[in-house]
file start-v1.txt (compact mmCIF, C-alpha atoms)
# COMPACT_ATOMS: atom_id res chain seq x y z
CA MET A 1 23.54 56.39 11.02
CA SER A 2 21.49 53.21 10.92
CA HIS A 3 22.88 50.24 12.87
CA SER A 4 21.31 47.73 10.50
CA ARG A 5 23.54 44.82 9.51
CA ARG A 6 22.20 44.97 5.94
CA VAL A 7 23.84 46.33 2.80
CA ALA A 8 21.41 46.81 -0.08
CA LEU A 9 22.62 45.99 -3.59
CA VAL A 10 20.34 48.19 -5.69
CA ILE A 11 21.30 46.81 -9.09
CA SER A 12 19.84 45.54 -12.35
CA ALA A 13 19.52 41.88 -13.32
CA VAL A 14 22.63 42.10 -15.49
CA TYR A 15 24.72 43.43 -12.62
CA VAL A 16 23.44 40.74 -10.27
CA ARG A 17 25.18 38.21 -12.53
CA ARG A 18 28.30 40.36 -12.71
CA LEU A 19 28.89 41.60 -9.18
CA ALA A 20 27.21 39.22 -6.76
CA GLN A 21 29.86 36.51 -7.18
CA GLY A 22 32.41 38.81 -5.57
CA LEU A 23 30.47 39.13 -2.31
CA PRO A 24 30.77 35.71 -0.57
CA PRO A 25 34.33 36.31 0.78
CA LEU A 26 32.94 39.24 2.81
CA VAL A 27 29.76 37.59 4.09
CA ASP A 28 30.07 36.89 7.82
CA PRO A 29 27.81 36.84 10.87
CA GLY A 30 28.06 40.62 11.11
CA ARG A 31 26.84 41.60 7.65
CA ASP A 32 24.07 40.63 5.21
CA PHE A 33 23.90 41.60 1.54
CA TRP A 34 20.39 42.02 0.19
CA ILE A 35 19.72 42.28 -3.54
CA VAL A 36 17.07 44.79 -4.57
CA ASP A 37 15.92 44.94 -8.20
CA ALA A 38 16.74 48.47 -9.32
CA GLU A 39 14.21 48.20 -12.13
CA ARG A 40 11.25 47.97 -9.75
CA PRO A 41 8.70 50.76 -10.19
CA ALA A 42 9.49 53.75 -7.96
CA HIS A 43 6.35 53.24 -5.87
CA GLU A 44 7.73 49.80 -4.90
CA LEU A 45 11.45 50.54 -4.72
CA TRP A 46 11.57 53.32 -2.16
CA PRO A 47 9.15 51.83 0.42
CA LEU A 48 11.09 48.55 0.14
CA LEU A 49 14.37 50.32 0.90
CA ASP A 50 12.75 52.14 3.83
CA ALA A 51 11.62 48.81 5.26
CA LEU A 52 15.02 47.21 4.65
CA ASP A 53 16.76 50.01 6.59
CA PRO A 54 20.28 49.28 5.23
CA SER A 55 23.58 50.57 6.56
CA GLY A 56 24.85 51.25 3.06
CA PHE A 57 24.31 50.77 -0.66
CA ILE A 58 26.10 49.18 -3.59
CA THR A 59 24.59 50.34 -6.84
CA GLU A 60 25.33 51.27 -10.45
CA MET A 61 24.75 54.55 -12.27
CA LEU A 62 20.96 54.53 -12.65
CA PRO A 63 19.04 57.60 -13.87
CA GLY A 64 16.51 58.64 -11.25
CA VAL A 65 17.84 56.12 -8.71
CA THR A 66 21.49 56.80 -7.90
CA ASP A 67 20.93 60.48 -7.01
CA ARG A 68 18.09 59.59 -4.65
CA LEU A 69 20.22 56.91 -2.99
CA LEU A 70 23.02 59.43 -2.42
CA GLU A 71 20.54 61.84 -0.86
CA ARG A 72 20.00 59.33 1.95
CA GLY A 73 23.49 60.07 3.23
CA LEU A 74 24.46 56.42 3.76
CA PRO A 75 27.79 54.87 2.68
CA THR A 76 27.36 54.23 -1.04
CA VAL A 77 29.55 52.59 -3.67
CA VAL A 78 28.72 53.05 -7.35
CA SER A 79 30.08 50.26 -9.52
CA ALA A 80 31.11 50.52 -13.17
CA TRP A 81 31.38 54.29 -12.86
CA ASP A 82 34.41 56.55 -12.63
CA GLY A 83 32.87 60.01 -12.71
CA PRO A 84 32.87 62.44 -9.75
CA LEU A 85 30.24 61.61 -7.12
CA PRO A 86 30.88 63.60 -3.91
CA GLY A 87 30.46 61.45 -0.84
CA ALA A 88 30.35 58.16 -2.76
CA ALA A 89 33.03 55.68 -3.72
CA CYS A 90 33.35 54.53 -7.32
CA VAL A 91 34.88 51.32 -8.65
CA ASP A 92 35.23 50.62 -12.35
CA VAL A 93 37.32 48.89 -14.99
CA ASP A 94 40.04 50.96 -16.64
CA ASP A 95 38.14 51.64 -19.87
CA GLU A 96 41.16 53.06 -21.69
CA ALA A 97 43.00 49.81 -20.96
CA VAL A 98 40.01 47.89 -22.38
CA GLY A 99 40.35 49.76 -25.66
CA ALA A 100 44.11 49.25 -25.70
CA MET A 101 43.72 45.50 -25.17
CA ALA A 102 41.29 45.26 -28.11
CA ALA A 103 43.73 47.19 -30.31
CA GLU A 104 46.68 44.99 -29.35
CA HIS A 105 44.72 41.88 -30.25
CA LEU A 106 43.63 43.19 -33.64
CA MET A 107 47.10 44.48 -34.47
CA ALA A 108 48.56 41.09 -33.54
CA LEU A 109 46.49 39.60 -36.38
CA GLY A 110 48.45 41.69 -38.85
CA LEU A 111 45.43 43.72 -39.91
CA PRO A 112 46.21 46.91 -41.83
CA HIS A 113 42.93 48.76 -41.12
CA PHE A 114 40.89 49.43 -37.98
CA ALA A 115 37.53 50.83 -36.93
CA PHE A 116 35.64 51.65 -33.73
CA PHE A 117 31.90 51.13 -33.28
CA GLY A 118 30.89 53.15 -30.22
CA ASN A 119 27.81 54.54 -28.52
CA THR A 120 26.82 57.57 -26.45
CA SER A 121 27.52 55.98 -23.06
CA ALA A 122 30.01 57.59 -20.65
CA TYR A 123 32.61 54.85 -21.12
CA SER A 124 32.57 54.77 -24.93
CA PRO A 125 34.91 57.79 -25.40
CA GLN A 126 37.34 56.27 -22.90
CA ARG A 127 37.46 52.92 -24.69
CA GLU A 128 37.82 54.72 -28.02
CA LYS A 129 40.69 56.79 -26.63
CA GLY A 130 42.54 53.71 -25.40
CA PHE A 131 41.96 51.99 -28.75
CA GLN A 132 43.23 54.93 -30.82
CA GLN A 133 46.22 55.57 -28.56
CA ALA A 134 47.35 51.95 -28.75
CA LEU A 135 47.12 52.08 -32.55
CA ALA A 136 49.10 55.32 -32.64
CA ALA A 137 51.77 53.89 -30.33
CA ARG A 138 52.44 51.19 -32.93
CA GLN A 139 52.18 53.71 -35.79
CA ALA A 140 49.11 51.89 -37.08
CA GLU A 141 46.41 53.53 -39.16
CA PRO A 142 43.87 55.51 -37.06
CA ALA A 143 40.51 53.83 -36.63
CA ALA A 144 37.44 54.95 -38.54
CA VAL A 145 34.59 55.69 -36.12
CA LEU A 146 30.83 55.17 -36.10
CA ILE A 147 28.84 56.19 -33.00
CA GLU A 148 25.42 54.66 -32.37
CA PRO A 149 22.93 56.46 -30.10
CA THR A 150 22.51 54.56 -26.83
CA PRO A 151 18.95 53.25 -26.43
CA SER A 152 16.85 54.99 -23.79
CA ASP A 153 15.96 51.72 -22.05
CA ARG A 154 18.45 49.69 -20.02
CA ARG A 155 17.84 46.20 -21.40
CA TYR A 156 21.47 45.25 -21.98
CA ILE A 157 20.88 41.63 -23.02
CA GLU A 158 18.12 42.70 -25.42
CA HIS A 159 20.22 45.54 -26.83
CA TRP A 160 20.25 44.95 -30.55
CA THR A 161 20.23 47.37 -33.43
CA PRO A 162 18.78 46.02 -36.67
CA SER A 163 20.99 46.60 -39.66
CA ASN A 164 20.36 50.01 -41.16
CA ARG A 165 21.67 51.77 -44.21
CA GLU A 166 24.18 53.82 -42.22
CA MET A 167 25.79 50.75 -40.62
CA ILE A 168 25.90 48.80 -43.86
CA ASP A 169 27.30 51.72 -45.87
CA TRP A 170 29.92 52.34 -43.18
CA LEU A 171 31.00 48.70 -43.15
CA GLN A 172 31.12 48.43 -46.92
CA ALA A 173 33.19 51.62 -47.20
CA LEU A 174 35.84 50.44 -44.75
CA PRO A 175 39.07 49.25 -46.42
CA LYS A 176 39.48 45.49 -46.07
CA PRO A 177 40.57 43.49 -44.21
CA VAL A 178 39.63 45.51 -41.16
CA GLY A 179 39.52 44.92 -37.42
CA VAL A 180 36.57 46.52 -35.63
CA PHE A 181 36.30 47.11 -31.90
CA ALA A 182 32.67 47.27 -30.76
CA VAL A 183 32.44 49.15 -27.47
CA HIS A 184 30.44 46.38 -25.80
CA ASP A 185 29.24 42.89 -26.70
CA PRO A 186 25.65 43.68 -27.78
CA GLN A 187 27.01 46.15 -30.32
CA GLY A 188 29.44 43.50 -31.49
CA ARG A 189 26.47 41.21 -32.03
CA SER A 190 24.67 43.94 -33.99
CA LEU A 191 27.79 44.52 -36.04
CA ALA A 192 28.06 40.83 -36.91
CA GLU A 193 24.50 40.81 -38.18
CA ALA A 194 25.13 43.96 -40.22
CA CYS A 195 28.19 42.28 -41.78
CA ARG A 196 26.04 39.37 -42.87
CA ASP A 197 23.43 41.74 -44.33
CA ALA A 198 26.22 43.57 -46.15
CA GLY A 199 27.62 40.31 -47.57
CA LEU A 200 30.90 40.63 -45.64
CA GLN A 201 32.76 37.62 -44.31
CA ILE A 202 33.68 37.39 -40.61
CA PRO A 203 36.57 37.24 -39.82
CA GLU A 204 38.12 37.09 -43.31
CA GLU A 205 37.05 40.63 -44.27
CA VAL A 206 35.90 42.03 -40.91
CA ALA A 207 37.37 40.81 -37.62
CA ILE A 208 35.26 41.87 -34.63
CA VAL A 209 36.13 42.28 -30.96
CA GLY A 210 33.62 43.30 -28.29
CA ALA A 211 34.03 44.06 -24.60
CA ASN A 212 32.58 42.69 -21.33
CA ASP A 213 32.92 38.99 -22.34
CA ASP A 214 29.28 38.32 -21.59
CA ALA A 215 28.75 34.66 -22.46
CA LEU A 216 25.01 35.14 -23.03
CA VAL A 217 25.91 37.54 -25.85
CA CYS A 218 29.27 36.31 -27.13
CA GLU A 219 28.38 32.63 -27.41
CA LEU A 220 25.02 33.31 -29.04
CA THR A 221 26.52 35.57 -31.72
CA HIS A 222 27.30 34.07 -35.12
CA PRO A 223 30.20 33.60 -35.30
CA PRO A 224 30.97 33.61 -31.55
CA LEU A 225 32.31 36.98 -30.51
CA SER A 226 35.83 37.68 -29.23
CA SER A 227 35.72 40.02 -26.27
CA VAL A 228 37.76 41.81 -23.61
CA ALA A 229 37.02 40.19 -20.24
CA ILE A 230 36.13 42.64 -17.45
CA PRO A 231 36.94 41.74 -13.79
CA TRP A 232 33.31 41.81 -12.69
CA GLN A 233 33.75 39.49 -9.73
CA ARG A 234 36.65 41.50 -8.38
CA MET A 235 34.62 44.67 -8.94
CA GLY A 236 31.90 43.22 -6.70
CA PHE A 237 34.50 42.30 -4.09
CA GLU A 238 36.03 45.78 -4.16
CA ALA A 239 32.60 47.42 -3.93
CA ALA A 240 31.74 45.33 -0.87
CA ARG A 241 35.12 46.04 0.70
CA LEU A 242 34.71 49.78 0.15
CA VAL A 243 31.19 49.96 1.57
CA GLU A 244 32.31 48.00 4.65
CA ALA A 245 35.16 50.47 5.20
CA MET A 246 32.80 53.43 4.85
CA ILE A 247 30.32 51.88 7.30
CA ARG A 248 33.21 51.65 9.78
CA GLY A 249 33.67 55.41 9.37
CA GLU A 250 36.49 55.56 6.84
CA PRO A 251 36.12 58.32 4.22
CA ALA A 252 35.23 57.50 0.65
CA PRO A 253 38.27 57.47 -1.66
CA THR A 254 38.61 60.72 -3.55
CA ALA A 255 39.54 58.95 -6.81
CA PRO A 256 37.76 56.03 -8.45
CA VAL A 257 39.22 52.55 -7.96
CA LEU A 258 40.13 51.40 -11.48
CA LEU A 259 40.74 47.72 -12.18
CA PRO A 260 42.62 46.41 -15.24
CA PRO A 261 40.78 44.20 -17.76
CA ILE A 262 41.57 40.50 -17.43
CA SER A 263 42.37 39.30 -20.93
CA LEU A 264 41.15 39.10 -24.52
CA VAL A 265 39.00 36.00 -24.94
CA GLU A 266 39.42 34.98 -28.58
CA ARG A 267 36.53 33.37 -30.39
CA ARG A 268 35.82 32.86 -34.08
CA SER A 269 34.92 36.50 -34.84
CA SER A 270 38.63 37.41 -34.80
CA ASP A 271 40.26 34.03 -35.36
CA ARG A 272 42.28 34.88 -38.47
CA LEU A 273 45.68 35.68 -39.84
CA ALA A 274 45.31 38.66 -42.11
CA VAL A 275 48.83 39.24 -43.43
CA GLU A 276 49.20 38.95 -47.18
CA HIS A 277 52.77 37.66 -47.28
CA PRO A 278 52.52 33.83 -47.50
CA GLN A 279 55.77 33.04 -45.67
CA LEU A 280 55.00 35.44 -42.84
CA ARG A 281 51.51 33.96 -42.60
CA ARG A 282 53.10 30.51 -42.33
CA ALA A 283 55.45 31.74 -39.59
CA LEU A 284 52.53 33.15 -37.59
CA GLN A 285 50.54 29.98 -38.13
CA LEU A 286 53.45 27.88 -36.86
CA LEU A 287 53.53 29.91 -33.67
CA ARG A 288 49.77 29.63 -33.23
CA ASP A 289 49.64 25.91 -34.01
CA ARG A 290 52.40 25.10 -31.57
CA ARG A 291 50.38 26.68 -28.75
CA LEU A 292 53.67 26.62 -26.84
CA PRO A 293 55.86 29.32 -28.42
CA ASP A 294 59.17 27.56 -27.65
CA LEU A 295 60.72 28.15 -31.06
CA SER A 296 63.72 30.41 -31.26
CA VAL A 297 63.80 33.09 -33.95
CA LYS A 298 66.50 31.09 -35.75
CA GLU A 299 64.37 27.92 -35.69
CA LEU A 300 61.30 29.83 -36.87
CA ALA A 301 63.19 31.32 -39.82
CA ALA A 302 64.47 27.85 -40.81
CA ALA A 303 60.97 26.35 -40.60
CA VAL A 304 59.37 28.91 -42.95
CA PRO A 305 62.02 28.95 -44.62
CA MET A 306 63.73 32.33 -45.03
CA SER A 307 66.72 34.17 -43.69
CA ARG A 308 66.50 35.55 -40.19
CA ARG A 309 67.10 39.05 -41.54
CA THR A 310 64.16 38.73 -43.97
CA LEU A 311 61.95 37.37 -41.20
CA GLU A 312 62.88 40.30 -38.97
CA HIS A 313 62.04 42.74 -41.78
CA LEU A 314 58.65 41.17 -42.50
CA PHE A 315 57.62 41.10 -38.86
CA ARG A 316 58.46 44.77 -38.41
CA ARG A 317 56.81 45.76 -41.68
CA TYR A 318 53.53 43.94 -41.13
CA LEU A 319 53.24 43.68 -37.33
CA GLY A 320 55.35 46.56 -36.07
CA ARG A 321 57.44 44.30 -33.82
CA SER A 322 60.27 41.80 -34.07
CA PRO A 323 59.88 38.00 -34.17
CA LYS A 324 61.31 37.83 -30.64
CA GLU A 325 58.74 40.35 -29.39
CA GLU A 326 55.96 38.26 -30.96
CA ILE A 327 57.30 35.07 -29.38
CA ASP A 328 57.55 36.84 -26.01
CA ARG A 329 53.96 38.09 -26.40
CA LEU A 330 52.70 34.58 -27.10
CA ARG A 331 54.65 33.15 -24.17
CA LEU A 332 53.10 35.70 -21.84
CA ASP A 333 49.61 35.06 -23.25
CA ARG A 334 50.12 31.33 -22.65
CA ALA A 335 51.40 31.97 -19.12
CA ARG A 336 48.43 34.21 -18.27
CA GLU A 337 46.03 31.56 -19.58
CA LEU A 338 47.64 28.86 -17.41
CA LEU A 339 47.80 31.10 -14.35
CA THR A 340 44.13 31.99 -14.76
CA HIS A 341 42.64 28.61 -15.58
CA THR A 342 44.89 26.01 -13.88
CA SER A 343 46.46 25.32 -10.49
CA LEU A 344 49.76 24.17 -12.01
CA PRO A 345 52.91 25.08 -10.07
CA LEU A 346 54.69 28.18 -11.32
CA SER A 347 57.70 26.13 -12.38
CA GLU A 348 55.54 23.98 -14.65
CA ILE A 349 53.77 27.03 -16.07
CA ALA A 350 57.17 28.52 -16.87
CA GLU A 351 58.18 25.35 -18.71
CA ARG A 352 54.88 25.04 -20.60
CA SER A 353 55.11 28.68 -21.66
CA GLY A 354 58.53 28.26 -23.22
CA TYR A 355 60.76 29.71 -20.49
CA SER A 356 64.00 27.96 -19.63
CA SER A 357 63.68 28.63 -15.90
CA LEU A 358 61.27 29.98 -13.30
CA SER A 359 63.52 32.96 -12.66
CA ARG A 360 63.52 33.94 -16.37
CA PHE A 361 59.75 33.53 -16.43
CA SER A 362 59.25 35.68 -13.31
CA HIS A 363 61.58 38.39 -14.61
CA ALA A 364 59.90 38.54 -18.04
CA PHE A 365 56.42 38.55 -16.48
CA ARG A 366 57.21 41.38 -14.08
CA ARG A 367 58.94 43.43 -16.79
CA ALA A 368 55.97 43.13 -19.16
CA LEU A 369 53.03 43.34 -16.74
CA ASP A 370 54.45 45.11 -13.68
CA THR A 371 53.33 42.30 -11.38
CA THR A 372 54.55 38.85 -10.38
CA PRO A 373 53.02 35.60 -11.67
CA ARG A 374 51.92 34.78 -8.12
CA ASP A 375 50.17 38.13 -7.63
CA PHE A 376 48.57 37.87 -11.09
CA ARG A 377 47.13 34.45 -10.18
CA ARG A 378 45.79 35.83 -6.89
CA GLU A 379 44.09 38.74 -8.68
CA SER A 380 42.65 36.38 -11.28
CA LEU A 381 41.13 34.22 -8.54
CA LEU A 382 39.53 37.31 -7.03
CA ALA A 383 38.16 38.18 -10.46
CA GLY A 384 36.60 34.74 -10.79
CA ARG A 385 38.43 33.77 -13.96
call {"tool": "encode", "arguments": {"input": "start-v1.txt", "output": "structure tokens"}}
result
Amino acid sequence: MSHSRRVALVISAVYVRRLAQGLPPLVDPGRDFWIVDAERPAHELWPLLDALDPSGFITEMLPGVTDRLLERGLPTVVSAWDGPLPGAACVDVDDEAVGAMAAEHLMALGLPHFAFFGNTSAYSPQREKGFQQALAARQAEPAAVLIEPTPSDRRYIEHWTPSNREMIDWLQALPKPVGVFAVHDPQGRSLAEACRDAGLQIPEEVAIVGANDDALVCELTHPPLSSVAIPWQRMGFEAARLVEAMIRGEPAPTAPVLLPPISLVERRSSDRLAVEHPQLRRALQLLRDRRLPDLSVKELAAAVPMSRRTLEHLFRRYLGRSPKEEIDRLRLDRARELLTHTSLPLSEIAERSGYSSLSRFSHAFRRALDTTPRDFRRESLLAGR
């Protein structure tokens, strides 16, 4: 095996932005990470790698590249991939959990109808499965499905499908209001344009959620696109950690390392309350406007106003959960936001999230998310959020 101190990151420009931020904690005098543009012509790429003489590779699943890298017999980690690759380590996001997170967000809006806009990539069926299973778990209507052929080129940022008759007819035929999960952000952008061409209002008629939370796509979409945030920075860190372990002689893990998605970043494409019942809509708006869900169920019913029993019935009928479950969900969302984006003490986060004590907050957080607030904050820092 080569004794070079170099690890070659053979990745595309998009993955440079995603993964490279996770590497600095592992850079030390004993190891260098060199970025090699995977989209170089073959007659440039392979001589460059020969000259670089790395001890290992971090790459992505690249037709015509990944197989040839594996043939070199060096420690190799393939990011954003969870398929079997003998001799290599794989690290990826849990794509079923991505789909489930999108479904939970859309169901929380009170939407009665759902759809999935996928493609022919390897991860699309996994995200669709997670989306459909989360809907079924809440006894929601199954999602209608449209699958778009994946373009042959790899230009992610330029990925855009002009509105065509099939997309427009599909959108117009969907019962409204509807929540649509687009399997990744560029398809969410395409979907938004197709909605405009079809004369459909976003988010009033069609609420859209993408995945990857790529700011260059989400913020340039009209309206800005809600999206499931992927732990790219942590993925880079885990890839570097794995390749270091393999260089030291440890075997590659037999199963892929799957990381949970971070959160649903809500933007205007899904910023709506879709329930028809005016008093329930007012109750949901009160909880949203307060930002801090510190109302009790009794106080919420009085503010609407309606009886607590009626409020309970409406929540279960339209949202599939009780008012208390909705308040708990909002408290946890608020807590995760504060843990991710502030350095506030845990006691203050508990108070700002509507919990009466730190112990109640910690117990509720662990019960819902199977981790402690402190560990969640640590993982969020690793993920760069």
call {"tool": "atom_distance", "arguments": {"input": "start-v1.txt", "atom1": "CA of Ser359 in chain A", "atom2": "CA of Ser347 in chain A"}}
result
9.0 Å
call {"tool": "closest_residue", "arguments": {"input": "start-v1.txt", "among": "A:Pro231, A:Gly118, A:Pro373, A:Pro54", "to": "Ser263 in chain A", "atoms": "all atoms listed in the file"}}
result
A:Pro231
call {"tool": "residues_around", "arguments": {"input": "start-v1.txt", "residues": "Arg165 in chain A", "least_positions_apart": "4", "cutoff": "10 Å", "atoms": "only C-alpha atoms", "output": "ChimeraX atom specification"}}
result
/A:169-171,194,198
call {"tool": "write_last_selection", "arguments": {"input": "start-v1.txt", "atoms": "C-alpha atoms", "output": "mmCIF file, keeping the file's coordinate frame"}}
result
data_model
loop_
_atom_site.group_PDB
_atom_site.id
_atom_site.type_symbol
_atom_site.label_atom_id
_atom_site.label_comp_id
_atom_site.auth_asym_id
_atom_site.auth_seq_id
_atom_site.Cartn_x
_atom_site.Cartn_y
_atom_site.Cartn_z
ATOM 1 C CA ASP A 169 27.300 51.720 -45.870
ATOM 2 C CA TRP A 170 29.920 52.340 -43.180
ATOM 3 C CA LEU A 171 31.000 48.700 -43.150
ATOM 4 C CA ALA A 194 25.130 43.960 -40.220
ATOM 5 C CA ALA A 198 26.220 43.570 -46.150
#
call {"tool": "residues_around", "arguments": {"input": "start-v1.txt", "residues": "Arg241 in chain A", "least_positions_apart": "2", "cutoff": "12 Å", "atoms": "all atoms listed in the file", "output": "count of residues only"}}
result
32
call {"tool": "closest_residue", "arguments": {"input": "start-v1.txt", "among": "A:Phe376, A:Asp370, A:Arg138, A:Asp214", "to": "His341 in chain A", "atoms": "only C-alpha atoms"}}
result
A:Phe376
call {"tool": "build_atoms", "arguments": {"input": "start-v1.txt", "residues": "range 226-245 of chain A", "atoms": "N, CA, C and O atoms", "output": "PDB file, in the frame of the given file"}}
result
ATOM      1  N   SER A 226      34.677  37.392 -30.083  1.00  0.00           N
ATOM      2  CA  SER A 226      35.830  37.680 -29.230  1.00  0.00           C
ATOM      3  C   SER A 226      35.528  38.897 -28.384  1.00  0.00           C
ATOM      4  O   SER A 226      34.824  39.808 -28.821  1.00  0.00           O
ATOM      5  N   SER A 227      36.099  38.919 -27.164  1.00  0.00           N
ATOM      6  CA  SER A 227      35.720  40.020 -26.270  1.00  0.00           C
ATOM      7  C   SER A 227      36.769  40.224 -25.188  1.00  0.00           C
ATOM      8  O   SER A 227      37.443  39.284 -24.763  1.00  0.00           O
ATOM      9  N   VAL A 228      36.888  41.471 -24.741  1.00  0.00           N
ATOM     10  CA  VAL A 228      37.760  41.810 -23.610  1.00  0.00           C
ATOM     11  C   VAL A 228      37.024  41.463 -22.318  1.00  0.00           C
ATOM     12  O   VAL A 228      35.912  41.942 -22.082  1.00  0.00           O
ATOM     13  N   ALA A 229      37.648  40.629 -21.493  1.00  0.00           N
ATOM     14  CA  ALA A 229      37.020  40.190 -20.240  1.00  0.00           C
ATOM     15  C   ALA A 229      37.229  41.249 -19.160  1.00  0.00           C
ATOM     16  O   ALA A 229      38.342  41.711 -18.923  1.00  0.00           O
ATOM     17  N   ILE A 230      36.130  41.625 -18.514  1.00  0.00           N
ATOM     18  CA  ILE A 230      36.130  42.640 -17.450  1.00  0.00           C
ATOM     19  C   ILE A 230      36.140  41.924 -16.098  1.00  0.00           C
ATOM     20  O   ILE A 230      35.466  40.903 -15.932  1.00  0.00           O
ATOM     21  N   PRO A 231      36.862  42.429 -15.098  1.00  0.00           N
ATOM     22  CA  PRO A 231      36.940  41.740 -13.790  1.00  0.00           C
ATOM     23  C   PRO A 231      35.700  42.002 -12.935  1.00  0.00           C
ATOM     24  O   PRO A 231      35.769  42.606 -11.864  1.00  0.00           O
ATOM     25  N   TRP A 232      34.562  41.513 -13.392  1.00  0.00           N
ATOM     26  CA  TRP A 232      33.310  41.810 -12.690  1.00  0.00           C
ATOM     27  C   TRP A 232      33.320  41.299 -11.259  1.00  0.00           C
ATOM     28  O   TRP A 232      32.868  41.995 -10.337  1.00  0.00           O
ATOM     29  N   GLN A 233      33.796  40.058 -11.077  1.00  0.00           N
ATOM     30  CA  GLN A 233      33.750  39.490  -9.730  1.00  0.00           C
ATOM     31  C   GLN A 233      34.626  40.294  -8.773  1.00  0.00           C
ATOM     32  O   GLN A 233      34.235  40.581  -7.635  1.00  0.00           O
ATOM     33  N   ARG A 234      35.794  40.673  -9.234  1.00  0.00           N
ATOM     34  CA  ARG A 234      36.650  41.500  -8.380  1.00  0.00           C
ATOM     35  C   ARG A 234      36.020  42.862  -8.138  1.00  0.00           C
ATOM     36  O   ARG A 234      36.151  43.442  -7.054  1.00  0.00           O
ATOM     37  N   MET A 235      35.302  43.392  -9.129  1.00  0.00           N
ATOM     38  CA  MET A 235      34.620  44.670  -8.940  1.00  0.00           C
ATOM     39  C   MET A 235      33.587  44.559  -7.819  1.00  0.00           C
ATOM     40  O   MET A 235      33.451  45.460  -6.978  1.00  0.00           O
ATOM     41  N   GLY A 236      32.853  43.428  -7.793  1.00  0.00           N
ATOM     42  CA  GLY A 236      31.900  43.220  -6.700  1.00  0.00           C
ATOM     43  C   GLY A 236      32.597  43.129  -5.357  1.00  0.00           C
ATOM     44  O   GLY A 236      32.129  43.694  -4.360  1.00  0.00           O
ATOM     45  N   PHE A 237      33.735  42.414  -5.331  1.00  0.00           N
ATOM     46  CA  PHE A 237      34.500  42.300  -4.090  1.00  0.00           C
ATOM     47  C   PHE A 237      34.976  43.665  -3.610  1.00  0.00           C
ATOM     48  O   PHE A 237      34.856  44.008  -2.432  1.00  0.00           O
ATOM     49  N   GLU A 238      35.524  44.459  -4.532  1.00  0.00           N
ATOM     50  CA  GLU A 238      36.030  45.780  -4.160  1.00  0.00           C
ATOM     51  C   GLU A 238      34.903  46.700  -3.699  1.00  0.00           C
ATOM     52  O   GLU A 238      35.069  47.497  -2.762  1.00  0.00           O
ATOM     53  N   ALA A 239      33.739  46.601  -4.351  1.00  0.00           N
ATOM     54  CA  ALA A 239      32.600  47.420  -3.930  1.00  0.00           C
ATOM     55  C   ALA A 239      32.179  47.065  -2.510  1.00  0.00           C
ATOM     56  O   ALA A 239      31.916  47.948  -1.675  1.00  0.00           O
ATOM     57  N   ALA A 240      32.125  45.757  -2.220  1.00  0.00           N
ATOM     58  CA  ALA A 240      31.740  45.330  -0.870  1.00  0.00           C
ATOM     59  C   ALA A 240      32.798  45.750   0.154  1.00  0.00           C
ATOM     60  O   ALA A 240      32.468  46.180   1.273  1.00  0.00           O
ATOM     61  N   ARG A 241      34.063  45.631  -0.210  1.00  0.00           N
ATOM     62  CA  ARG A 241      35.120  46.040   0.700  1.00  0.00           C
ATOM     63  C   ARG A 241      35.051  47.539   1.008  1.00  0.00           C
ATOM     64  O   ARG A 241      35.203  47.972   2.154  1.00  0.00           O
ATOM     65  N   LEU A 242      34.791  48.333  -0.030  1.00  0.00           N
ATOM     66  CA  LEU A 242      34.710  49.780   0.150  1.00  0.00           C
ATOM     67  C   LEU A 242      33.518  50.173   1.024  1.00  0.00           C
ATOM     68  O   LEU A 242      33.632  51.043   1.898  1.00  0.00           O
ATOM     69  N   VAL A 243      32.364  49.565   0.777  1.00  0.00           N
ATOM     70  CA  VAL A 243      31.190  49.960   1.570  1.00  0.00           C
ATOM     71  C   VAL A 243      31.377  49.552   3.024  1.00  0.00           C
ATOM     72  O   VAL A 243      30.962  50.272   3.946  1.00  0.00           O
ATOM     73  N   GLU A 244      32.025  48.401   3.273  1.00  0.00           N
ATOM     74  CA  GLU A 244      32.310  48.000   4.650  1.00  0.00           C
ATOM     75  C   GLU A 244      33.215  49.021   5.331  1.00  0.00           C
ATOM     76  O   GLU A 244      32.990  49.400   6.487  1.00  0.00           O
ATOM     77  N   ALA A 245      34.248  49.478   4.623  1.00  0.00           N
ATOM     78  CA  ALA A 245      35.160  50.470   5.200  1.00  0.00           C
ATOM     79  C   ALA A 245      34.429  51.766   5.513  1.00  0.00           C
ATOM     80  O   ALA A 245      34.658  52.392   6.564  1.00  0.00           O
TER      81      ALA A 245
END
